[in-house]
Structure formats: C-alpha cells, structure tokens
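Engineer: Got a file for you: work_20.txt, compact mmCIF, C-alpha atoms and all ligand atoms.
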# COMPACT_ATOMS: atom_id res chain seq x y z
CA MET X 1 24.73 9.54 22.33
CA GLU X 2 21.76 11.79 21.59
CA ARG X 3 18.43 12.30 23.35
CA VAL X 4 15.59 12.08 20.83
CA GLU X 5 12.50 12.22 23.11
CA SER X 6 11.86 13.64 26.57
CA TYR X 7 8.58 13.90 28.52
CA ALA X 8 7.66 14.75 32.10
CA SER X 9 6.06 11.67 33.72
CA PHE X 10 4.98 11.08 37.35
CA GLY X 11 7.47 13.62 38.66
CA GLY X 12 10.34 12.10 36.65
CA ARG X 13 11.26 11.95 32.96
CA GLN X 14 10.60 9.48 30.17
CA GLU X 15 13.37 9.73 27.61
CA VAL X 16 14.48 7.96 24.42
CA TRP X 17 18.14 8.02 23.37
CA LYS X 18 20.00 6.86 20.30
CA HIS X 19 23.63 5.77 20.16
CA HIS X 20 26.07 3.76 18.10
CA SER X 21 26.34 0.25 19.52
CA ALA X 22 29.80 -1.27 19.10
CA THR X 23 28.38 -4.70 20.02
CA LEU X 24 25.59 -4.65 17.42
CA ASN X 25 27.53 -2.59 14.91
CA CYS X 26 24.59 -0.25 14.19
CA GLU X 27 22.65 2.70 15.58
CA MET X 28 20.22 1.75 18.36
CA LYS X 29 17.50 3.46 20.37
CA PHE X 30 16.64 2.70 23.98
CA ALA X 31 14.07 4.16 26.37
CA VAL X 32 14.95 5.23 29.92
CA TYR X 33 12.54 6.35 32.65
CA LEU X 34 14.18 8.42 35.39
CA PRO X 35 12.13 8.47 38.61
CA PRO X 36 12.04 11.65 40.73
CA ALA X 37 14.52 10.07 43.19
CA ALA X 38 17.16 10.05 40.42
CA GLU X 39 17.41 13.85 40.69
CA THR X 40 19.21 13.52 44.01
CA GLN X 41 20.66 9.99 44.18
CA ALA X 42 21.85 7.05 42.11
CA CYS X 43 18.97 4.58 41.59
CA PRO X 44 18.87 0.88 40.70
CA VAL X 45 17.80 -0.20 37.22
CA LEU X 46 15.13 -2.58 35.93
CA TYR X 47 15.82 -3.71 32.35
CA TRP X 48 12.70 -4.56 30.32
CA LEU X 49 12.91 -6.79 27.23
CA SER X 50 9.96 -6.59 24.83
CA GLY X 51 8.53 -9.25 22.55
CA LEU X 52 8.27 -9.96 18.85
CA THR X 53 7.57 -6.94 16.58
CA CYS X 54 8.33 -4.45 19.37
CA THR X 55 10.72 -1.51 19.56
CA GLU X 56 11.76 0.55 22.58
CA GLN X 57 8.32 2.22 22.33
CA ASN X 58 5.80 -0.52 23.20
CA PHE X 59 6.61 -0.83 26.89
CA ILE X 60 6.86 2.88 27.60
CA THR X 61 3.61 3.75 25.81
CA LYS X 62 1.44 0.79 26.88
CA ALA X 63 2.52 -0.76 30.20
CA GLY X 64 1.89 2.17 32.54
CA ALA X 65 5.06 1.28 34.41
CA GLN X 66 6.25 4.85 35.08
CA ARG X 67 3.84 5.40 38.01
CA TYR X 68 5.27 2.40 39.90
CA ALA X 69 8.90 3.14 39.00
CA ALA X 70 8.41 6.69 40.33
CA GLU X 71 6.98 5.35 43.61
CA GLU X 72 9.73 2.75 44.03
CA GLY X 73 12.69 4.90 42.93
CA VAL X 74 13.67 2.51 40.14
CA ILE X 75 15.06 3.49 36.72
CA LEU X 76 13.47 1.59 33.79
CA VAL X 77 15.53 0.81 30.68
CA ALA X 78 13.83 -0.66 27.59
CA PRO X 79 16.09 -1.51 24.63
CA ASP X 80 14.92 -2.31 21.12
CA THR X 81 14.35 -5.99 20.28
CA SER X 82 16.98 -6.40 17.54
CA PRO X 83 19.70 -4.54 15.69
CA ARG X 84 18.34 -1.99 13.20
CA GLY X 85 19.32 -0.29 9.96
CA GLU X 86 19.35 -0.87 6.23
CA ASP X 87 22.47 -3.04 6.23
CA VAL X 88 21.13 -5.32 8.98
CA ALA X 89 19.90 -8.74 7.79
CA ASP X 90 16.17 -9.36 7.91
CA ALA X 91 13.74 -12.13 6.94
CA GLU X 92 10.16 -12.67 5.86
CA GLY X 93 7.77 -12.85 8.80
CA TYR X 94 7.57 -11.01 12.11
CA ASP X 95 9.31 -13.78 14.07
CA LEU X 96 12.83 -13.68 12.58
CA GLY X 97 15.27 -10.84 11.93
CA LYS X 98 14.41 -7.26 12.80
CA GLY X 99 12.08 -7.09 15.80
CA ALA X 100 12.99 -10.69 16.68
CA GLY X 101 16.57 -10.79 17.98
CA PHE X 102 15.67 -13.35 20.69
CA TYR X 103 18.40 -11.94 22.99
CA VAL X 104 20.99 -14.46 21.72
CA ASN X 105 24.46 -14.04 20.21
CA ALA X 106 24.11 -15.28 16.63
CA THR X 107 26.93 -17.42 15.26
CA ARG X 108 25.76 -17.88 11.66
CA ALA X 109 25.82 -15.69 8.55
CA PRO X 110 24.16 -13.40 7.73
CA TRP X 111 22.99 -12.84 11.32
CA ALA X 112 26.24 -12.87 13.31
CA ALA X 113 27.42 -9.49 11.96
CA HIS X 114 24.80 -7.60 14.01
CA TYR X 115 22.60 -9.98 16.03
CA GLN X 116 24.47 -10.01 19.37
CA MET X 117 21.60 -8.99 21.60
CA HIS X 118 22.75 -10.97 24.66
CA ASP X 119 26.02 -9.08 24.88
CA TYR X 120 24.30 -5.77 24.12
CA VAL X 121 21.77 -6.15 26.94
CA VAL X 122 24.12 -7.75 29.50
CA GLU X 123 27.32 -5.76 28.85
CA GLU X 124 27.17 -2.69 26.62
CA LEU X 125 23.84 -1.22 27.70
CA PRO X 126 24.38 -1.45 31.49
CA ALA X 127 27.88 0.05 31.12
CA LEU X 128 26.43 2.93 29.12
CA ILE X 129 23.53 3.46 31.56
CA GLU X 130 25.75 3.34 34.64
CA ALA X 131 28.24 5.81 33.10
CA ASN X 132 25.74 8.35 31.75
CA PHE X 133 22.67 8.30 34.02
CA PRO X 134 22.18 8.53 37.82
CA ALA X 135 22.20 4.73 38.05
CA ASN X 136 23.97 2.44 40.48
CA ASP X 137 24.99 -1.13 39.66
CA ALA X 138 21.96 -2.86 41.23
CA ARG X 139 20.17 -4.46 38.26
CA ALA X 140 16.98 -6.44 37.72
CA ILE X 141 15.49 -7.84 34.53
CA SER X 142 12.01 -8.56 33.20
CA GLY X 143 10.30 -8.92 29.85
CA HIS X 144 7.39 -10.19 27.79
CA SER X 145 7.07 -13.25 25.54
CA MET X 146 10.35 -13.34 23.51
CA GLY X 147 11.54 -10.78 26.06
CA GLY X 148 10.38 -12.99 28.94
CA HIS X 149 12.57 -15.71 27.46
CA GLY X 150 15.34 -13.11 27.24
CA ALA X 151 14.97 -12.06 30.87
CA LEU X 152 15.01 -15.66 32.17
CA VAL X 153 17.94 -16.72 29.97
CA LEU X 154 20.07 -13.65 30.65
CA ALA X 155 19.55 -14.00 34.41
CA LEU X 156 20.27 -17.75 34.37
CA ARG X 157 23.37 -17.37 32.15
CA ASN X 158 24.84 -14.57 34.24
CA PRO X 159 24.66 -15.40 37.95
CA GLY X 160 25.27 -12.38 40.17
CA ARG X 161 24.47 -9.91 37.39
CA PHE X 162 20.77 -9.37 38.27
CA ARG X 163 19.26 -9.22 41.76
CA SER X 164 15.84 -10.35 40.56
CA VAL X 165 14.11 -11.65 37.44
CA SER X 166 10.51 -11.84 36.27
CA ALA X 167 8.58 -12.43 33.07
CA PHE X 168 5.17 -12.02 31.50
CA SER X 169 4.01 -14.80 29.15
CA PRO X 170 7.58 -16.01 28.49
CA ILE X 171 8.70 -18.47 25.81
CA VAL X 172 10.21 -20.80 28.44
CA ALA X 173 11.45 -23.58 26.14
CA PRO X 174 12.54 -22.12 22.78
CA THR X 175 14.25 -25.37 21.78
CA ARG X 176 10.82 -27.08 21.79
CA VAL X 177 8.36 -24.56 20.26
CA PRO X 178 7.95 -23.18 16.71
CA TRP X 179 8.99 -19.55 17.42
CA GLY X 180 12.16 -20.72 19.15
CA GLU X 181 13.03 -23.47 16.67
CA LYS X 182 12.79 -21.01 13.77
CA ALA X 183 14.95 -18.37 15.47
CA LEU X 184 17.57 -20.65 17.03
CA SER X 185 18.09 -22.66 13.82
CA ALA X 186 18.68 -19.42 11.89
CA TYR X 187 20.87 -17.66 14.45
CA LEU X 188 22.81 -20.71 15.73
CA GLY X 189 22.55 -23.37 13.01
CA ASP X 190 21.12 -26.88 12.98
CA ASP X 191 23.11 -28.40 15.87
CA ARG X 192 20.42 -28.47 18.54
CA ASP X 193 22.99 -28.98 21.30
CA THR X 194 24.12 -25.39 20.80
CA TRP X 195 20.55 -24.17 21.40
CA LYS X 196 20.38 -25.48 24.95
CA SER X 197 22.41 -22.67 26.48
CA TRP X 198 19.65 -20.29 25.30
CA ASP X 199 16.71 -22.21 26.80
CA ALA X 200 15.53 -21.42 30.35
CA THR X 201 14.23 -24.97 30.95
CA GLU X 202 17.70 -26.33 30.14
CA LEU X 203 19.65 -23.62 31.97
CA VAL X 204 17.70 -23.97 35.19
CA ARG X 205 18.95 -27.54 35.58
CA GLY X 206 22.53 -26.28 35.94
CA ALA X 207 21.81 -22.98 37.72
CA SER X 208 24.33 -22.06 40.40
CA GLU X 209 22.11 -19.33 41.85
CA ARG X 210 18.62 -19.83 43.29
CA LEU X 211 16.99 -16.65 41.96
CA LEU X 212 13.17 -16.86 42.21
CA LEU X 213 11.58 -17.01 38.74
CA LEU X 214 8.44 -14.83 39.01
CA ILE X 215 6.11 -15.38 36.04
CA ASP X 216 2.69 -13.99 35.15
CA GLN X 217 0.73 -15.90 32.50
CA GLY X 218 -2.73 -15.15 31.10
CA GLU X 219 -4.90 -18.24 30.79
CA ASP X 220 -6.58 -16.93 27.62
CA ASP X 221 -3.24 -16.17 25.94
CA GLN X 222 -3.53 -17.24 22.30
CA PHE X 223 0.10 -18.45 22.30
CA LEU X 224 -0.03 -20.38 25.59
CA GLU X 225 -0.16 -23.98 24.37
CA GLU X 226 1.85 -23.78 21.17
CA GLN X 227 4.63 -21.30 22.00
CA LEU X 228 4.86 -20.52 25.72
CA ARG X 229 4.27 -23.80 27.67
CA PRO X 230 5.10 -22.58 31.20
CA GLU X 231 4.46 -26.09 32.58
CA LEU X 232 7.79 -27.18 31.04
CA LEU X 233 9.68 -24.68 33.18
CA VAL X 234 7.67 -25.59 36.26
CA SER X 235 8.62 -29.29 35.85
CA ALA X 236 12.29 -28.46 35.27
CA CYS X 237 12.29 -26.29 38.41
CA GLU X 238 10.60 -29.03 40.44
CA GLU X 239 13.23 -31.55 39.32
CA VAL X 240 16.11 -29.43 40.60
CA ASN X 241 14.25 -27.63 43.40
CA HIS X 242 14.61 -24.19 41.81
CA PRO X 243 12.21 -21.54 43.18
CA ILE X 244 9.47 -20.50 40.76
CA ASP X 245 6.17 -18.63 41.20
CA VAL X 246 3.84 -18.86 38.18
CA ARG X 247 0.75 -16.70 38.59
CA ARG X 248 -1.95 -17.88 36.18
CA ARG X 249 -4.41 -15.11 35.45
CA PRO X 250 -7.87 -16.14 34.24
CA GLY X 251 -9.30 -14.09 31.37
CA HIS X 252 -6.02 -12.42 30.40
CA ASP X 253 -4.50 -12.65 26.92
CA HIS X 254 -1.01 -11.95 25.51
CA SER X 255 -1.42 -8.18 25.21
CA TYR X 256 -0.06 -5.13 27.00
CA TYR X 257 -3.49 -4.84 28.73
CA PHE X 258 -2.35 -7.91 30.69
CA ILE X 259 1.10 -6.47 31.37
CA ALA X 260 -0.37 -3.15 32.51
CA THR X 261 -2.63 -4.98 35.00
CA TYR X 262 0.27 -6.66 36.84
CA ILE X 263 3.36 -4.57 36.10
CA GLY X 264 2.99 -2.81 39.48
CA GLU X 265 3.36 -6.16 41.27
CA HIS X 266 6.49 -6.96 39.27
CA ILE X 267 8.09 -3.57 39.89
CA HIS X 268 7.36 -3.94 43.61
CA HIS X 269 9.00 -7.39 43.57
CA HIS X 270 12.10 -6.00 41.85
CA ALA X 271 12.24 -2.95 44.12
CA ARG X 272 12.42 -5.19 47.20
CA ALA X 273 15.47 -6.94 45.74
CA LEU X 274 17.03 -3.72 44.45
CA HIS X 275 16.68 -1.68 47.64
CA PRO X 276 17.90 -4.07 50.33
CA ALA X 277 16.70 -3.12 53.83
N1 LIG X 301 0.10 -11.37 16.16
C1 LIG X 301 1.24 -10.56 16.45
C2 LIG X 301 2.30 -11.46 17.03
C3 LIG X 301 3.35 -10.66 17.69
C4 LIG X 301 2.97 -10.30 19.09
O1 LIG X 301 1.95 -10.70 19.67
N2 LIG X 301 3.84 -9.53 19.66
C5 LIG X 301 3.72 -9.21 21.05
C6 LIG X 301 4.96 -9.76 21.72
S1 LIG X 301 5.17 -11.49 21.34
C7 LIG X 301 3.70 -7.70 21.24
O2 LIG X 301 4.11 -7.21 22.27
N3 LIG X 301 3.23 -6.95 20.24
C8 LIG X 301 3.26 -5.51 20.26
C9 LIG X 301 2.26 -4.82 21.11
O3 LIG X 301 1.28 -5.44 21.57
O4 LIG X 301 2.45 -3.61 21.38
C10 LIG X 301 1.73 -9.91 15.18
O5 LIG X 301 1.66 -10.56 14.14
O6 LIG X 301 2.18 -8.76 15.25
Rewrite the structure of this file - the entire thing - as structure tokens.

Structural biologist:
Amino acid sequence: MERVESYASFGGRQEVWKHHSATLNCEMKFAVYLPPAAETQACPVLYWLSGLTCTEQNFITKAGAQRYAAEEGVILVAPDTSPRGEDVADAEGYDLGKGAGFYVNATRAPWAAHYQMHDYVVEELPALIEANFPANDARAISGHSMGGHGALVLALRNPGRFRSVSAFSPIVAPTRVPWGEKALSAYLGDDRDTWKSWDATELVRGASERLLLLIDQGEDDQFLEEQLRPELLVSACEEVNHPIDVRRRPGHDHSYYFIATYIGEHIHHHARALHPA
C-alpha cells in the first residue's frame, strides 16, 4: 500500500492511497480523511460511494465533508467506483464498465474477472482500513446516485455490518430503470430474478434489520423521474413498515452542490449511530 496524496484539512489529514486489490484483481485508489481525533484514538468510519463517472476524487474535492467529519470525529473512506487498469473490461458510454461498477459482484464474462465491487467495499476495504488506520469496527455507509444505490443495497444485504445508512439521489430500483437495467443485464445476465438481490426496493421487503433509510433528493434533479424514482422505495417501505425518511429539497439538482448543502446533516446522523452515548 502506498500513499499518493496527503493534505492538511480541518486539523486532520486528507489522504489518497493506492493498493493491489485481491478481490478486484487490479490496482485501486481510495481516499481517506483522518479527523484530528484519530491522532489519539480509534475512530469510526463512514464509507462514501460515488456515482457514475466518479473516482475517489469527486467526493473529497467537492462535498466539503471534511469540516463535519473533523467536528464529529469520524473517518471518511471513499473508494473508486469500479475496478481500473488497462486489462479491465470497459464499454461504450459512461454508465457501464469503468466508473460504473454499480457495487455488485458480476457473474458474467468479461466483467466477472474484476467487477466484484460489493465484496471489495464490504470485505476487503474495511479489513484494510481497520488494520492500517486508527479505525475501529463501527461502520456507516452513504453515497450518491449509483453510490446511493450501493449504500442502500450493501446495508440491506449485510445486516449488522453498518450502524447507519443514508443516500443522496439514489437509484432505488435498478431493476426498473434504464441505468440499472443496462448494468444488471451486463454484469448478471438476462435472468431478471438474479437482479432482485441488488435492488433496494426488493431487498427491503425481506430485511431482517430495521435500519432507518435516510435519503435526500433534489426536486429539480434531471434524473429524478427516469432513473431515481424514490417513490418506489417509499411504497415498498410502507408495505413492510420499514423506517424511511426522504427529504425532498426544492430547487436542488443532481450535483455535488446539492450534496455539499446537506452532507453535514448526513454526517451528524451517522455520527449519532457511530458514537453511541
Ligand atoms: N451527465 C453526466 C452523468 C453522470 C453524472 O451525473 N454523474 C454524477 C453521479 S450519477 C456525478 O457525480 N458526476 C461527477 C461530478 O459531478 O463530480 C455525465 O455524462 O457525465
């Protein structure tokens, strides 16, 4: 593992590391923000999953999250959004292949050789963070758009693994919208039954844990009606009495300007779960 960037930030450090991922079978970068509290004690970790086209850079350069993580004593970890490298399969378009791993474990060629983002984010990355940084095993997860889908699905698939979950502008029903249908058919094949275990609106129906789903959604988001459709998750939650809090924000779009406006509220929400009284 090698540190490739390091900056002072709000009394702590913003770093970027690269390492060989055994799960993804390639070299990966991830960003880690260490709050000042991490100099003297082990801190809990909030994992952030970015959206389509992003790398580990978008969140750390645009969301302004470091100020809140410093105040709350929370480590932030932001992985890349797909495996990377010349021998990693890719496709035309920004919504499949590199930059579009969808946080699933692919089962189909040519994707399965590297596209195992679920296992990377749930298993390999936390093990690496908890062994090499001043991190304890209290974990939370959040993300944006494709990464909001990732946060919801990873939390719902892995009860007990995360103490809290939230999302900005998530793709809540990938089995029913164009971005999701394109990615899931490529990574998993044409049998739509196999897609359901990667869809938050399906998973919530069988959830064994009642983790509150905190969601922020801009009402002027250009992807709201075709790709995101938060009302589908709200109905599924109502059917099974699963707690959900969707905060609709007038005037906000899909961008990091929206995320930066409300990220403090999300980090506060996670900090309350991560630092039990
Ligand atoms: N219109 C965009 C669609 C992709 C997009 O909006 N990506 C969002 C996540 S779904 C994002 O975070 N983009 C990078 C950024 O804003 O920094 C494009 O073609 O690049």

Engineer: Could you check the closest approach to ligand LIG 301 (chain X) for each of X:Arg163, X:Arg192, X:Arg157, X:Lys62 and tell me which residue wins, using all atoms listed in the file?

Structural biologist: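 Closest to ligand LIG 301 (chain X) of all the choices is X:Lys62.
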
Engineer: Report, in Å to a single decimal, how far apart CA of His266 in chain X and CA of Ser9 in chain X are.

Structural biologist: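 CA of Ser9 in chain X sits 19.4 Å away from CA of His266 in chain X.
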
Engineer: As an MDAnalysis selection string, please: every protein or nucleic acid residue near ligand LIG 301 (chain X) (cut-off 6 Å, counting all atoms listed in the file).

Structural biologist: chainID X and resid 51:54 58 145:146 255:256

Engineer: Residues of range 80-165 of chain X that have any atom at most 9 Å from an atom of range 213-230 of chain X: could you tabulate them with the shortest-distance atom pair and the distance in Å to one decimal, using only C-alpha atoms, ordered by chain and increasing number, as JSON lines?

Structural biologist:
{"residue": "X:Ser145", "atom": "CA", "partner": "X:Leu228", "partner_atom": "CA", "distance": 7.6}
{"residue": "X:Gly148", "atom": "CA", "partner": "X:Ile215", "partner_atom": "CA", "distance": 8.6}
{"residue": "X:Leu152", "atom": "CA", "partner": "X:Leu213", "partner_atom": "CA", "distance": 7.5}
{"residue": "X:Ser164", "atom": "CA", "partner": "X:Leu213", "partner_atom": "CA", "distance": 8.1}
{"residue": "X:Val165", "atom": "CA", "partner": "X:Leu213", "partner_atom": "CA", "distance": 6.1}

Engineer: What is the CA of Pro174 in chain X to CA of Asp193 in chain X distance in Å?

Structural biologist: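 Computed distance, CA of Pro174 in chain X to CA of Asp193 in chain X, equals 12.6 Å.
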
Engineer: Could you tell me, as a list in words, which residues have any atom at most 7 Å from (19.5, -7.4, 13.6), counting only C-alpha atoms?

Structural biologist: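 Within the cut-off we find Ser82, Pro83, Arg84, Val88, Ala89, Asp90, Gly97, Lys98, Gly101, Trp111, His114 and Tyr115 of chain X.
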
Engineer: For the contact check between range 110-213 of chain X and range 26-42 of chain X, emit one row per residue of range 110-213 of chain X within 6 Å, containing the shortest atom pair and the distance in Å rounded to one decimal, counting all atoms listed in the file, chain then rising number order, as JSON lines.

Structural biologist:
{"residue": "X:Pro134", "atom": "CA", "partner": "X:Ala42", "partner_atom": "CA", "distance": 4.6}
{"residue": "X:Ala135", "atom": "CA", "partner": "X:Ala42", "partner_atom": "CA", "distance": 4.7}
{"residue": "X:Asn136", "atom": "CA", "partner": "X:Ala42", "partner_atom": "CA", "distance": 5.3}

Engineer: CA of Pro159 in chain X and CA of Ser208 in chain X, how far apart in Å?

Structural biologist: 7.1 Å

Engineer: Rank nothing, just name the residue among X:Leu96, X:Val122, X:Ala113, X:Ala91 nearest to Pro178 in chain X, using only C-alpha atoms.

Structural biologist: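 Of the candidates, the smallest distance to Pro178 in chain X is held by X:Leu96.
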
Engineer: Leaving out His270 in chain X and any residue of its chain fewer than 2 positions from it, which residues lie within 12 Å of it when counting all atoms listed in the file, given as a PyMOL selection string?

Structural biologist: chain X and resi 44-48+68-69+72-76+138-142+162-167+211-214+263-268+272-276

Engineer: Can you write just those residues out, C-alpha atoms, as a CSV table (one decimal), in the frame of the given file?

Structural biologist:
chain,number,residue,atom,x,y,z
X,44,PRO,CA,18.9,0.9,40.7
X,45,VAL,CA,17.8,-0.2,37.2
X,46,LEU,CA,15.1,-2.6,35.9
X,47,TYR,CA,15.8,-3.7,32.4
X,48,TRP,CA,12.7,-4.6,30.3
X,68,TYR,CA,5.3,2.4,39.9
X,69,ALA,CA,8.9,3.1,39.0
X,72,GLU,CA,9.7,2.8,44.0
X,73,GLY,CA,12.7,4.9,42.9
X,74,VAL,CA,13.7,2.5,40.1
X,75,ILE,CA,15.1,3.5,36.7
X,76,LEU,CA,13.5,1.6,33.8
X,138,ALA,CA,22.0,-2.9,41.2
X,139,ARG,CA,20.2,-4.5,38.3
X,140,ALA,CA,17.0,-6.4,37.7
X,141,ILE,CA,15.5,-7.8,34.5
X,142,SER,CA,12.0,-8.6,33.2
X,162,PHE,CA,20.8,-9.4,38.3
X,163,ARG,CA,19.3,-9.2,41.8
X,164,SER,CA,15.8,-10.4,40.6
X,165,VAL,CA,14.1,-11.6,37.4
X,166,SER,CA,10.5,-11.8,36.3
X,167,ALA,CA,8.6,-12.4,33.1
X,211,LEU,CA,17.0,-16.6,42.0
X,212,LEU,CA,13.2,-16.9,42.2
X,213,LEU,CA,11.6,-17.0,38.7
X,214,LEU,CA,8.4,-14.8,39.0
X,263,ILE,CA,3.4,-4.6,36.1
X,264,GLY,CA,3.0,-2.8,39.5
X,265,GLU,CA,3.4,-6.2,41.3
X,266,HIS,CA,6.5,-7.0,39.3
X,267,ILE,CA,8.1,-3.6,39.9
X,268,HIS,CA,7.4,-3.9,43.6
X,272,ARG,CA,12.4,-5.2,47.2
X,273,ALA,CA,15.5,-6.9,45.7
X,274,LEU,CA,17.0,-3.7,44.4
X,275,HIS,CA,16.7,-1.7,47.6
X,276,PRO,CA,17.9,-4.1,50.3

Engineer: Of the candidates X:Arg205, X:Arg248, X:Arg108, X:Arg210, which shows the shortest atom-to-atom distance to Ala236 in chain X, using only C-alpha atoms?

Structural biologist: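 Looking only at the distances to Ala236 in chain X, the closest residue turns out to be X:Arg205.
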
Engineer: Using all atoms listed in the file, which of the listed residues (X:Thr261, X:Ser6, X:Ser197, X:Ser21) sits closest to Asp119 in chain X?

Structural biologist: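 Of X:Thr261, X:Ser6, X:Ser197, X:Ser21, the one nearest Asp119 in chain X is X:Ser21, counting all atoms listed in the file.
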
Engineer: May I ask which of the residues X:Glu239, X:Glu231, X:Asp80, X:Glu92 is the closest one to Leu125 in chain X, counting only C-alpha atoms?

Structural biologist: X:Asp80

Engineer: From the options X:Gly64, X:Gly160, X:Gly206, X:Gly99, which residue's atoms come nearest to His242 in chain X, counting all atoms listed in the file?

Structural biologist: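 Once distances to His242 in chain X are computed over all atoms listed in the file, the minimum belongs to X:Gly206.
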
Engineer: Would you mind completing range 56-78 of chain X to N, CA and C atoms and writing the output as a PDB file, in the frame of the given file?

Structural biologist:
ATOM      1  N   GLU X  56      11.646  -0.017  21.226  1.00  0.00           N
ATOM      2  CA  GLU X  56      11.760   0.550  22.580  1.00  0.00           C
ATOM      3  C   GLU X  56      10.465   1.265  22.988  1.00  0.00           C
ATOM      4  N   GLN X  57       9.520   1.426  22.059  1.00  0.00           N
ATOM      5  CA  GLN X  57       8.320   2.220  22.330  1.00  0.00           C
ATOM      6  C   GLN X  57       7.203   1.458  23.038  1.00  0.00           C
ATOM      7  N   ASN X  58       7.019   0.180  22.745  1.00  0.00           N
ATOM      8  CA  ASN X  58       5.800  -0.520  23.200  1.00  0.00           C
ATOM      9  C   ASN X  58       5.640  -0.455  24.712  1.00  0.00           C
ATOM     10  N   PHE X  59       6.704  -0.783  25.427  1.00  0.00           N
ATOM     11  CA  PHE X  59       6.610  -0.830  26.890  1.00  0.00           C
ATOM     12  C   PHE X  59       6.338   0.550  27.476  1.00  0.00           C
ATOM     13  N   ILE X  60       7.015   1.568  26.975  1.00  0.00           N
ATOM     14  CA  ILE X  60       6.860   2.880  27.600  1.00  0.00           C
ATOM     15  C   ILE X  60       5.519   3.535  27.278  1.00  0.00           C
ATOM     16  N   THR X  61       4.901   3.141  26.163  1.00  0.00           N
ATOM     17  CA  THR X  61       3.610   3.750  25.810  1.00  0.00           C
ATOM     18  C   THR X  61       2.412   2.931  26.283  1.00  0.00           C
ATOM     19  N   LYS X  62       2.602   1.641  26.605  1.00  0.00           N
ATOM     20  CA  LYS X  62       1.440   0.790  26.880  1.00  0.00           C
ATOM     21  C   LYS X  62       1.385   0.161  28.275  1.00  0.00           C
ATOM     22  N   ALA X  63       2.517   0.027  28.960  1.00  0.00           N
ATOM     23  CA  ALA X  63       2.520  -0.760  30.200  1.00  0.00           C
ATOM     24  C   ALA X  63       2.117   0.047  31.426  1.00  0.00           C
ATOM     25  N   GLY X  64       2.211   1.364  31.363  1.00  0.00           N
ATOM     26  CA  GLY X  64       1.890   2.170  32.540  1.00  0.00           C
ATOM     27  C   GLY X  64       2.849   1.951  33.694  1.00  0.00           C
ATOM     28  N   ALA X  65       4.092   1.642  33.366  1.00  0.00           N
ATOM     29  CA  ALA X  65       5.060   1.280  34.410  1.00  0.00           C
ATOM     30  C   ALA X  65       5.635   2.498  35.139  1.00  0.00           C
ATOM     31  N   GLN X  66       5.566   3.674  34.511  1.00  0.00           N
ATOM     32  CA  GLN X  66       6.250   4.850  35.080  1.00  0.00           C
ATOM     33  C   GLN X  66       5.738   5.186  36.478  1.00  0.00           C
ATOM     34  N   ARG X  67       4.414   5.072  36.707  1.00  0.00           N
ATOM     35  CA  ARG X  67       3.840   5.400  38.010  1.00  0.00           C
ATOM     36  C   ARG X  67       4.527   4.576  39.124  1.00  0.00           C
ATOM     37  N   TYR X  68       4.702   3.289  38.878  1.00  0.00           N
ATOM     38  CA  TYR X  68       5.270   2.400  39.900  1.00  0.00           C
ATOM     39  C   TYR X  68       6.778   2.626  40.049  1.00  0.00           C
ATOM     40  N   ALA X  69       7.457   2.872  38.939  1.00  0.00           N
ATOM     41  CA  ALA X  69       8.900   3.140  39.000  1.00  0.00           C
ATOM     42  C   ALA X  69       9.163   4.440  39.766  1.00  0.00           C
ATOM     43  N   ALA X  70       8.274   5.424  39.592  1.00  0.00           N
ATOM     44  CA  ALA X  70       8.410   6.690  40.330  1.00  0.00           C
ATOM     45  C   ALA X  70       8.247   6.420  41.820  1.00  0.00           C
ATOM     46  N   GLU X  71       7.226   5.639  42.189  1.00  0.00           N
ATOM     47  CA  GLU X  71       6.980   5.350  43.610  1.00  0.00           C
ATOM     48  C   GLU X  71       8.128   4.570  44.235  1.00  0.00           C
ATOM     49  N   GLU X  72       8.711   3.653  43.461  1.00  0.00           N
ATOM     50  CA  GLU X  72       9.730   2.750  44.030  1.00  0.00           C
ATOM     51  C   GLU X  72      11.154   3.263  43.854  1.00  0.00           C
ATOM     52  N   GLY X  73      11.338   4.376  43.134  1.00  0.00           N
ATOM     53  CA  GLY X  73      12.690   4.900  42.930  1.00  0.00           C
ATOM     54  C   GLY X  73      13.559   3.989  42.093  1.00  0.00           C
ATOM     55  N   VAL X  74      12.961   3.437  41.028  1.00  0.00           N
ATOM     56  CA  VAL X  74      13.670   2.510  40.140  1.00  0.00           C
ATOM     57  C   VAL X  74      13.733   3.111  38.735  1.00  0.00           C
ATOM     58  N   ILE X  75      14.913   3.088  38.125  1.00  0.00           N
ATOM     59  CA  ILE X  75      15.060   3.490  36.720  1.00  0.00           C
ATOM     60  C   ILE X  75      14.611   2.322  35.841  1.00  0.00           C
ATOM     61  N   LEU X  76      13.874   2.620  34.763  1.00  0.00           N
ATOM     62  CA  LEU X  76      13.470   1.590  33.790  1.00  0.00           C
ATOM     63  C   LEU X  76      14.251   1.802  32.502  1.00  0.00           C
ATOM     64  N   VAL X  77      14.824   0.727  31.970  1.00  0.00           N
ATOM     65  CA  VAL X  77      15.530   0.810  30.680  1.00  0.00           C
ATOM     66  C   VAL X  77      14.930  -0.225  29.735  1.00  0.00           C
ATOM     67  N   ALA X  78      14.451   0.235  28.573  1.00  0.00           N
ATOM     68  CA  ALA X  78      13.830  -0.660  27.590  1.00  0.00           C
ATOM     69  C   ALA X  78      14.565  -0.540  26.257  1.00  0.00           C
TER      70      ALA X  78
END
